[in-house]
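Structure data (CSV, C-alpha atoms and all ligand atoms) from structure-v8.csv:
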chain,number,residue,atom,x,y,z
A,1,MET,CA,82.7,35.4,8.7
A,2,ASP,CA,86.3,35.0,9.8
A,3,ARG,CA,87.6,37.8,12.0
A,4,LEU,CA,90.3,40.2,10.9
A,5,LEU,CA,92.0,42.8,13.2
A,6,THR,CA,94.4,45.6,12.8
A,7,GLY,CA,95.4,48.9,14.3
A,8,LEU,CA,97.7,51.9,13.6
A,9,GLN,CA,99.2,53.6,16.5
A,10,PRO,CA,98.5,57.3,16.8
A,11,SER,CA,102.1,58.2,17.5
A,12,GLY,CA,101.9,61.0,14.8
A,13,THR,CA,100.2,61.6,11.5
A,14,LEU,CA,99.8,58.4,9.4
A,15,THR,CA,102.2,58.0,6.5
A,16,ILE,CA,101.7,56.4,3.1
A,17,GLY,CA,103.7,53.4,4.6
A,18,ASN,CA,100.9,53.0,7.2
A,19,TYR,CA,98.4,53.3,4.3
A,20,SER,CA,100.1,50.5,2.4
A,21,GLY,CA,100.7,48.0,5.3
A,22,GLY,CA,97.5,48.8,7.2
A,23,ILE,CA,94.7,50.9,5.8
A,24,ASN,CA,94.8,49.7,2.2
A,25,GLN,CA,94.6,46.1,3.3
A,26,VAL,CA,91.5,46.9,5.5
A,27,LEU,CA,89.9,48.5,2.4
A,28,ASN,CA,90.6,45.4,0.4
A,29,TYR,CA,89.2,43.0,3.0
A,30,GLN,CA,86.5,44.9,4.8
A,31,LYS,CA,83.6,43.4,2.9
A,32,ASN,CA,84.7,39.8,3.4
A,33,TYR,CA,85.7,39.7,7.1
A,34,GLU,CA,84.3,40.8,10.4
A,35,THR,CA,86.8,43.6,10.9
A,36,PHE,CA,88.1,44.9,14.2
A,37,LEU,CA,89.9,48.1,13.5
A,38,PHE,CA,91.2,50.0,16.5
A,39,VAL,CA,93.4,52.9,17.5
A,40,PRO,CA,96.2,51.5,19.7
A,41,ASP,CA,96.6,54.6,21.8
A,42,MET,CA,98.3,52.6,24.6
A,43,HIS,CA,101.0,51.4,22.2
A,44,ALA,CA,101.8,55.1,21.4
A,45,THR,CA,102.8,55.8,25.0
A,46,THR,CA,105.7,53.3,24.8
A,47,VAL,CA,107.6,56.5,23.9
A,48,THR,CA,106.9,59.9,25.4
A,49,GLN,CA,103.8,61.6,24.0
A,50,ASP,CA,102.4,65.1,24.6
A,51,PRO,CA,98.9,64.3,26.0
A,52,GLU,CA,97.2,67.0,23.9
A,53,ALA,CA,99.0,65.9,20.7
A,54,LEU,CA,98.1,62.3,21.5
A,55,ARG,CA,94.4,63.1,21.9
A,56,ARG,CA,94.5,65.0,18.6
A,57,ASN,CA,96.3,62.2,16.8
A,58,ILE,CA,93.7,59.6,18.0
A,59,ARG,CA,90.9,61.6,16.5
A,60,ASN,CA,92.9,62.4,13.4
A,61,ALA,CA,93.7,58.7,12.9
A,62,VAL,CA,90.0,57.8,13.0
A,63,ALA,CA,89.1,60.6,10.6
A,64,VAL,CA,91.9,59.3,8.2
A,65,TYR,CA,90.6,55.7,8.3
A,66,LEU,CA,87.2,57.0,7.4
A,67,ALA,CA,88.5,59.4,4.8
A,68,CYS,CA,90.4,56.6,3.1
A,69,GLY,CA,87.3,54.6,2.7
A,70,VAL,CA,86.8,52.5,5.9
A,71,ASP,CA,83.1,51.9,5.9
A,72,VAL,CA,81.6,52.0,9.4
A,73,ASN,CA,78.1,51.5,7.9
A,74,LEU,CA,79.1,47.9,7.3
A,75,PRO,CA,77.5,45.8,10.1
A,76,ASN,CA,80.7,43.7,10.2
A,77,MET,CA,83.0,46.7,10.8
A,78,HIS,CA,83.9,47.6,14.4
A,79,LEU,CA,86.0,50.7,15.1
A,80,TYR,CA,87.2,51.4,18.6
A,81,ILE,CA,89.9,52.9,20.8
A,82,GLN,CA,92.1,50.5,22.7
A,83,SER,CA,92.3,52.3,26.0
A,84,GLU,CA,88.5,52.6,26.2
A,85,ASN,CA,88.4,48.8,26.8
A,86,LEU,CA,90.1,47.7,30.0
A,87,TYR,CA,90.3,44.1,29.0
A,88,HIS,CA,93.3,44.7,26.6
A,89,ALA,CA,95.6,45.6,29.5
A,90,ASN,CA,94.1,42.9,31.8
A,91,LEU,CA,94.7,40.1,29.3
A,92,SER,CA,98.1,41.5,28.5
A,93,TRP,CA,99.2,40.9,32.1
A,94,ILE,CA,98.2,37.3,31.9
A,95,LEU,CA,100.0,36.9,28.6
A,96,GLU,CA,103.1,38.6,30.1
A,97,CYS,CA,103.2,35.9,32.7
A,98,HIS,CA,103.4,33.3,29.8
A,99,ALA,CA,106.0,35.1,27.7
A,100,TYR,CA,109.7,34.5,28.1
A,101,PHE,CA,112.3,37.1,28.6
A,102,GLY,CA,114.4,35.5,25.9
A,103,GLU,CA,111.8,35.6,23.2
A,104,MET,CA,110.9,39.2,24.0
A,105,SER,CA,114.6,40.1,23.7
A,106,ARG,CA,114.6,38.9,20.1
A,107,MET,CA,111.9,41.4,18.9
A,108,HIS,CA,113.4,43.5,16.0
A,109,GLN,CA,111.3,46.5,16.6
A,110,PHE,CA,112.4,46.7,20.2
A,111,LYS,CA,116.1,46.4,19.2
A,112,GLU,CA,115.6,49.2,16.7
A,113,LYS,CA,113.5,51.6,18.8
A,114,SER,CA,115.5,51.1,22.0
A,115,LYS,CA,118.6,52.3,20.2
A,116,LYS,CA,117.0,55.7,19.7
A,117,ASN,CA,116.8,56.4,23.5
A,118,GLU,CA,118.9,55.2,26.3
A,119,ASN,CA,116.0,55.6,28.7
A,120,PHE,CA,113.6,53.4,26.8
A,121,THR,CA,110.6,52.2,28.8
A,122,CYS,CA,109.5,48.8,30.0
A,123,GLY,CA,106.4,49.4,27.8
A,124,LEU,CA,108.6,49.5,24.7
A,125,TYR,CA,109.9,46.1,25.7
A,126,THR,CA,106.5,44.4,26.5
A,127,TYR,CA,104.2,46.1,24.0
A,128,PRO,CA,104.3,43.1,21.6
A,129,ILE,CA,102.5,41.2,24.4
A,130,LEU,CA,99.9,43.9,24.6
A,131,MET,CA,99.5,43.5,20.8
A,132,ALA,CA,99.0,39.8,21.3
A,133,SER,CA,96.3,40.6,23.8
A,134,ASP,CA,94.7,43.0,21.3
A,135,ILE,CA,94.5,40.2,18.8
A,136,LEU,CA,93.7,37.2,21.0
A,137,LEU,CA,90.9,38.9,22.8
A,138,TYR,CA,88.7,38.8,19.7
A,139,ASP,CA,89.7,35.4,18.2
A,140,ALA,CA,91.1,37.3,15.2
A,141,LYS,CA,92.2,34.8,12.5
A,142,TYR,CA,93.9,37.3,10.2
A,143,VAL,CA,96.0,40.4,11.0
A,144,PRO,CA,96.9,42.5,8.0
A,145,THR,CA,100.2,44.4,8.7
A,146,GLY,CA,103.4,45.6,7.1
A,147,ILE,CA,106.4,43.3,7.3
A,148,ASP,CA,107.7,45.1,10.4
A,149,GLN,CA,104.9,43.7,12.5
A,150,LYS,CA,105.1,40.1,11.3
A,151,GLN,CA,107.3,39.0,14.2
A,152,HIS,CA,104.8,40.4,16.7
A,153,VAL,CA,101.9,38.4,15.1
A,154,GLU,CA,104.1,35.3,15.3
A,155,LEU,CA,104.6,36.1,19.1
A,156,ALA,CA,100.8,36.3,19.4
A,157,ARG,CA,100.5,32.9,17.7
A,158,ASN,CA,103.1,31.3,19.9
A,159,LEU,CA,101.4,32.7,23.1
A,160,ALA,CA,98.1,31.4,21.9
A,161,LEU,CA,99.5,27.9,21.3
A,162,ARG,CA,101.4,27.9,24.6
A,163,PHE,CA,98.3,28.9,26.5
A,164,ASN,CA,96.1,26.4,24.8
A,165,ASN,CA,98.6,23.6,25.5
A,166,ARG,CA,99.2,24.6,29.1
A,167,TYR,CA,95.5,24.9,30.1
A,168,LYS,CA,94.4,22.1,27.7
A,169,GLY,CA,91.7,23.9,25.7
A,170,GLU,CA,91.0,25.9,22.6
A,171,TYR,CA,91.1,29.2,24.5
A,172,PHE,CA,92.6,31.3,21.7
A,173,VAL,CA,92.5,31.2,17.9
A,174,CYS,CA,96.0,31.2,16.5
A,175,PRO,CA,96.3,34.3,14.3
A,176,GLU,CA,98.2,34.7,11.0
A,177,SER,CA,99.5,37.9,9.5
A,178,ILE,CA,98.5,39.0,6.0
A,179,ILE,CA,101.4,40.9,4.4
A,180,PRO,CA,100.7,42.7,1.1
A,181,LYS,CA,102.7,41.3,-1.8
A,182,VAL,CA,103.6,44.9,-2.9
A,183,GLY,CA,104.2,47.6,-0.3
A,184,ALA,CA,105.0,45.5,2.8
A,185,SER,CA,107.7,47.9,3.7
A,186,ILE,CA,107.7,51.4,2.1
A,187,LYS,CA,111.1,52.9,2.5
A,188,ASP,CA,112.4,56.2,3.9
A,189,LEU,CA,112.7,58.6,0.9
A,190,GLN,CA,116.0,59.9,2.1
A,191,ASN,CA,117.5,56.6,3.3
A,192,PRO,CA,115.9,53.6,1.5
A,193,ALA,CA,117.8,51.2,3.8
A,194,LYS,CA,115.2,52.2,6.5
A,195,LYS,CA,111.5,51.9,6.5
A,196,MET,CA,109.3,55.0,6.3
A,197,SER,CA,107.9,55.9,9.7
A,198,LYS,CA,105.7,58.5,11.4
A,199,SER,CA,108.4,59.3,13.7
A,200,CYS,CA,111.3,59.7,11.2
A,201,GLU,CA,113.5,62.6,12.3
A,202,ASN,CA,114.1,64.0,8.8
A,203,PRO,CA,110.8,65.5,7.6
A,204,LYS,CA,111.7,64.8,4.0
A,205,SER,CA,111.8,61.1,4.8
A,206,SER,CA,108.1,60.4,5.0
A,207,ILE,CA,105.0,61.4,3.2
A,208,PHE,CA,102.1,61.9,5.5
A,209,LEU,CA,98.6,61.4,4.3
A,210,LEU,CA,97.7,64.9,5.4
A,211,ASP,CA,100.7,66.6,3.7
A,212,PRO,CA,99.8,69.6,1.5
A,213,GLU,CA,100.3,69.2,-2.2
A,214,ASN,CA,103.4,71.4,-2.5
A,215,VAL,CA,105.1,69.4,0.3
A,216,VAL,CA,104.3,66.1,-1.3
A,217,ARG,CA,105.8,67.3,-4.6
A,218,LYS,CA,109.0,68.5,-2.9
A,219,LYS,CA,109.5,65.3,-1.0
A,220,ILE,CA,109.0,63.1,-4.1
A,221,MET,CA,111.3,65.3,-6.2
A,222,SER,CA,114.1,65.2,-3.6
A,223,ALA,CA,113.7,61.4,-2.9
A,224,VAL,CA,117.1,59.6,-3.2
A,225,THR,CA,117.5,57.5,-6.3
A,226,ASP,CA,120.8,56.5,-8.1
A,227,SER,CA,122.9,57.8,-11.0
A,228,GLU,CA,122.1,55.1,-13.6
A,229,GLY,CA,119.1,57.0,-15.0
A,230,LYS,CA,117.2,53.8,-16.2
A,231,ILE,CA,113.9,52.8,-14.8
A,232,TYR,CA,113.6,49.2,-13.6
A,233,TYR,CA,112.8,47.4,-10.4
A,234,ASP,CA,115.8,46.1,-8.4
A,235,GLU,CA,115.3,46.3,-4.6
A,236,GLU,CA,118.9,45.5,-3.8
A,237,ASN,CA,120.8,47.7,-6.2
A,238,LYS,CA,118.2,50.5,-6.9
A,239,ALA,CA,116.4,50.6,-3.5
A,240,GLY,CA,115.3,54.3,-3.8
A,241,LEU,CA,113.9,54.0,-7.3
A,242,SER,CA,112.3,50.6,-6.5
A,243,ASN,CA,110.6,52.2,-3.5
A,244,LEU,CA,109.1,55.0,-5.7
A,245,ILE,CA,107.9,52.3,-8.2
A,246,THR,CA,106.2,50.5,-5.4
A,247,ILE,CA,104.5,53.7,-4.2
A,248,TYR,CA,103.3,54.3,-7.8
A,249,SER,CA,102.0,50.7,-7.9
A,250,ILE,CA,100.0,51.1,-4.7
A,251,PHE,CA,98.4,54.4,-5.5
A,252,SER,CA,97.7,53.6,-9.2
A,253,GLY,CA,96.5,50.0,-8.9
A,254,LEU,CA,99.1,49.0,-11.6
A,255,SER,CA,101.4,46.1,-11.0
A,256,ILE,CA,105.2,46.7,-10.6
A,257,GLU,CA,105.7,45.4,-14.1
A,258,GLN,CA,103.0,47.7,-15.5
A,259,VAL,CA,104.6,50.7,-13.9
A,260,VAL,CA,108.0,49.8,-15.2
A,261,ALA,CA,106.6,49.3,-18.7
A,262,LYS,CA,104.7,52.6,-18.5
A,263,PHE,CA,107.9,54.5,-17.8
A,264,ASP,CA,110.2,52.5,-20.1
A,265,GLY,CA,112.7,55.0,-21.5
A,266,ALA,CA,111.6,57.9,-19.3
A,267,GLY,CA,114.0,59.9,-17.1
A,268,TYR,CA,113.8,59.9,-13.3
A,269,GLY,CA,112.6,63.6,-13.3
A,270,ASP,CA,109.5,62.8,-15.5
A,271,PHE,CA,108.8,59.6,-13.5
A,272,LYS,CA,108.9,61.6,-10.2
A,273,LYS,CA,106.7,64.3,-11.6
A,274,ASP,CA,104.1,61.8,-12.6
A,275,LEU,CA,104.3,60.0,-9.3
A,276,ALA,CA,103.9,63.4,-7.4
A,277,ASN,CA,100.8,64.1,-9.6
A,278,LEU,CA,99.3,60.7,-8.9
A,279,LEU,CA,99.9,61.0,-5.1
A,280,CYS,CA,98.5,64.5,-4.9
A,281,GLU,CA,95.4,63.5,-6.8
A,282,ARG,CA,94.8,60.6,-4.4
A,283,LEU,CA,95.7,62.5,-1.2
A,284,VAL,CA,93.5,65.5,-2.1
A,285,VAL,CA,90.5,63.3,-2.2
A,286,ILE,CA,91.4,61.8,1.2
A,287,GLN,CA,92.1,65.2,2.7
A,288,ASP,CA,88.8,66.7,1.4
A,289,LYS,CA,86.9,63.9,3.1
A,290,TYR,CA,89.0,64.2,6.2
A,291,ASN,CA,88.1,67.9,6.5
A,292,GLN,CA,84.4,67.0,6.2
A,293,ILE,CA,84.7,64.3,8.9
A,294,ILE,CA,87.1,65.6,11.5
A,295,ASN,CA,84.6,67.8,13.4
A,296,SER,CA,81.5,65.7,12.7
A,297,SER,CA,79.7,63.4,15.0
A,298,ILE,CA,80.4,60.4,12.7
A,299,ILE,CA,83.6,59.7,14.6
A,300,ASP,CA,82.2,59.6,18.1
A,301,ASP,CA,79.1,57.6,16.9
A,302,ALA,CA,81.3,55.0,15.3
A,303,LEU,CA,83.6,54.8,18.3
A,304,ASP,CA,80.8,54.6,20.8
A,305,ALA,CA,79.2,51.7,18.9
A,306,GLY,CA,82.6,50.0,18.5
A,307,ARG,CA,83.4,50.3,22.2
A,308,GLU,CA,80.1,48.8,23.3
A,309,PHE,CA,80.3,45.9,20.9
A,310,THR,CA,84.0,45.0,21.4
A,311,THR,CA,83.9,45.4,25.2
A,312,LYS,CA,81.2,42.7,25.4
A,313,ILE,CA,83.3,40.3,23.4
A,314,ALA,CA,86.5,41.1,25.3
A,315,LYS,CA,84.9,40.7,28.7
A,316,GLU,CA,83.6,37.2,27.8
A,317,LYS,CA,87.0,36.1,26.5
A,318,TYR,CA,88.8,37.6,29.5
A,319,GLU,CA,86.5,35.8,32.0
A,320,GLN,CA,87.2,32.5,30.3
A,321,ILE,CA,91.0,33.1,30.5
A,322,ARG,CA,90.9,34.4,34.1
A,323,LYS,CA,89.1,31.2,35.2
A,324,ALA,CA,91.5,29.0,33.2
A,325,VAL,CA,94.5,30.6,35.0
A,326,GLY,CA,92.9,30.2,38.4
A,327,TYR,CA,92.4,33.9,39.3
A,328,GLY,CA,89.6,35.0,41.8
A,329,ARG,CA,87.3,32.9,43.9
A,401,LIG,N1,106.9,51.8,6.0
A,401,LIG,C1,105.9,51.0,6.1
A,401,LIG,N2,105.6,50.2,5.0
A,401,LIG,C2,104.5,49.4,5.1
A,401,LIG,N3,103.7,49.2,6.2
A,401,LIG,C3,104.1,50.0,7.3
A,401,LIG,N4,103.6,50.0,8.5
A,401,LIG,C4,104.3,50.9,9.3
A,401,LIG,N5,105.3,51.4,8.5
A,401,LIG,C5,105.2,50.8,7.3
A,401,LIG,C6,102.4,49.3,8.9
A,401,LIG,O1,101.4,50.2,9.3
A,401,LIG,C7,100.6,49.6,10.3
A,401,LIG,C8,100.5,50.5,11.5
A,401,LIG,O2,101.8,50.6,12.1
A,401,LIG,P1,101.9,51.3,13.5
A,401,LIG,O3,101.6,52.7,13.4
A,401,LIG,O4,101.0,50.6,14.5
A,401,LIG,O5,103.4,51.0,14.0
A,401,LIG,P2,104.7,51.1,13.3
A,401,LIG,O6,104.9,49.9,12.5
A,401,LIG,O7,105.8,51.4,14.3
A,401,LIG,O8,104.6,52.4,12.3
A,401,LIG,P3,105.5,53.7,12.2
A,401,LIG,O9,104.9,54.5,11.1
A,401,LIG,O10,106.9,53.3,12.0
A,401,LIG,O11,105.3,54.4,13.6
A,401,LIG,P4,106.3,54.9,14.6
A,401,LIG,O12,107.2,55.9,13.9
A,401,LIG,O13,105.5,55.6,15.7
A,401,LIG,O14,107.1,53.8,15.1
A,401,LIG,C9,101.2,48.3,10.7
A,401,LIG,O15,100.5,47.3,10.0
A,401,LIG,C10,102.6,48.4,10.1
A,401,LIG,O16,103.2,47.2,9.8
Could you spell out this file's structure in structure tokens?
Amino acid sequence: MDRLLTGLQPSGTLTIGNYSGGINQVLNYQKNYETFLFVPDMHATTVTQDPEALRRNIRNAVAVYLACGVDVNLPNMHLYIQSENLYHANLSWILECHAYFGEMSRMHQFKEKSKKNENFTCGLYTYPILMASDILLYDAKYVPTGIDQKQHVELARNLALRFNNRYKGEYFVCPESIIPKVGASIKDLQNPAKKMSKSCENPKSSIFLLDPENVVRKKIMSAVTDSEGKIYYDEENKAGLSNLITIYSIFSGLSIEQVVAKFDGAGYGDFKKDLANLLCERLVVIQDKYNQIINSSIIDDALDAGREFTTKIAKEKYEQIRKAVGYGR
């Protein structure tokens, strides 16, 4: 089985955007690939985190993965926490010494996120290299992500190629991103020029997977659209409405064309009401499961098994790389 790897940083409660770019893809692929699904808690500290909130968000993230349908009973599913495995940071250092300042300065996410805070950290600048380490440690061939992470997977690929060439061996597998055809970038409900994020400042901008029903309804009903009043898909000229159509498509399983056909002739108000009903129906199921799981031992059992399994693999890879570079005796 080829290996597939992805993670969602516990920098807040996961959104329907994270569901679309991350979790939903794992659900689609988990039976066909050896899946490495982790909680990148070290990535979350590239911006300031409250330690208690971070710890809570890590557990919440795992409970959400499971509640959405990630199946830890599959023998090919490995679920783990990044910081519990020291090899991620160790390999990251080696990769940092092979990454160029120029290429790192071109990372879109860094440019975006560093604008928000004058005192951004060095971690924010170098975290794509840690992400490369997360991927390369396990010889992952495929990395399902939203469009925002595509450039980081390309960096991982470039670092793998550069390392293999420099040390003349097939040390790393070159990874490829898998971007969903629909829902690669769910937009901010209040400003569809931006992507939806966990850390959006406006609470009406994002729908969180654990939002209560009444909150979901309000957010959908107040989502920005346009004044034309006609339902069709046009990302450029009708970004807000097209975003809602995309969300409908993801949560209904209908194609974009089928959603548009279903609401042919309807008004925005009716479409939004139907979308809110659909989302609430789906999220209630996830939230019920989440409530059953959050305090159960399933989480720790899965994470313990995942840590043990993945640490062995990571250690082996790290030792190979360390030797190739010339470290130690
Ligand atoms: N809006 C989005 N649409 C589709 N996919 C998305 N992803 C994130 N936002 C969207 C995908 O979700 C996975 C996990 O992302 P992450 O949490 O590791 O980092 P992120 O991309 O920085 O996500 P956020 O929500 O924007 O977090 P904050 O606010 O903390 O920066 C990835 O596959 C990502 O592509």
Legend entry - Test item: residues lying within 7 Å of ligand LIG 401 (chain A) with all atoms listed in the file, as number ranges by chain: A: 6-12, 14-15, 17-22, 44, 144-149, 183-187, 195-200
Go ahead and find all residues with at least one atom no further than 9 Å from (99.6, 36.0, 20.0) in the file's coordinates, using only C-alpha atoms; report them as a PDB file with C-alpha atoms, in the frame of the given file.
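Printed below is point-v7.pdb as written:
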ATOM      1  CA  LEU A  95     100.000  36.900  28.600  1.00  0.00           C
ATOM      2  CA  PRO A 128     104.300  43.100  21.600  1.00  0.00           C
ATOM      3  CA  ILE A 129     102.500  41.200  24.400  1.00  0.00           C
ATOM      4  CA  MET A 131      99.500  43.500  20.800  1.00  0.00           C
ATOM      5  CA  ALA A 132      99.000  39.800  21.300  1.00  0.00           C
ATOM      6  CA  SER A 133      96.300  40.600  23.800  1.00  0.00           C
ATOM      7  CA  ASP A 134      94.700  43.000  21.300  1.00  0.00           C
ATOM      8  CA  ILE A 135      94.500  40.200  18.800  1.00  0.00           C
ATOM      9  CA  LEU A 136      93.700  37.200  21.000  1.00  0.00           C
ATOM     10  CA  HIS A 152     104.800  40.400  16.700  1.00  0.00           C
ATOM     11  CA  VAL A 153     101.900  38.400  15.100  1.00  0.00           C
ATOM     12  CA  GLU A 154     104.100  35.300  15.300  1.00  0.00           C
ATOM     13  CA  LEU A 155     104.600  36.100  19.100  1.00  0.00           C
ATOM     14  CA  ALA A 156     100.800  36.300  19.400  1.00  0.00           C
ATOM     15  CA  ARG A 157     100.500  32.900  17.700  1.00  0.00           C
ATOM     16  CA  ASN A 158     103.100  31.300  19.900  1.00  0.00           C
ATOM     17  CA  LEU A 159     101.400  32.700  23.100  1.00  0.00           C
ATOM     18  CA  ALA A 160      98.100  31.400  21.900  1.00  0.00           C
ATOM     19  CA  LEU A 161      99.500  27.900  21.300  1.00  0.00           C
ATOM     20  CA  PHE A 172      92.600  31.300  21.700  1.00  0.00           C
ATOM     21  CA  VAL A 173      92.500  31.200  17.900  1.00  0.00           C
ATOM     22  CA  CYS A 174      96.000  31.200  16.500  1.00  0.00           C
ATOM     23  CA  PRO A 175      96.300  34.300  14.300  1.00  0.00           C
TER      24      PRO A 175
END
Inset, instruction - Name the closest residue to Tyr100 (chain A) among the candidates A:Glu213, A:Arg162, A:Asn119, A:Glu112; distances are taken between atoms, counting all atoms listed in the file. - result: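 Among the listed residues, the smallest separation from Tyr100 (chain A) belongs to A:Arg162.
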Legend entry - For CA of Tyr290 (chain A) and CA of Phe36 (chain A), the interatomic separation in Å (one decimal):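 These atoms are spaced 20.9 Å apart.
In this structure, CA of Ala302 (chain A) sits 22.7 Å away from CA of Lys317 (chain A).
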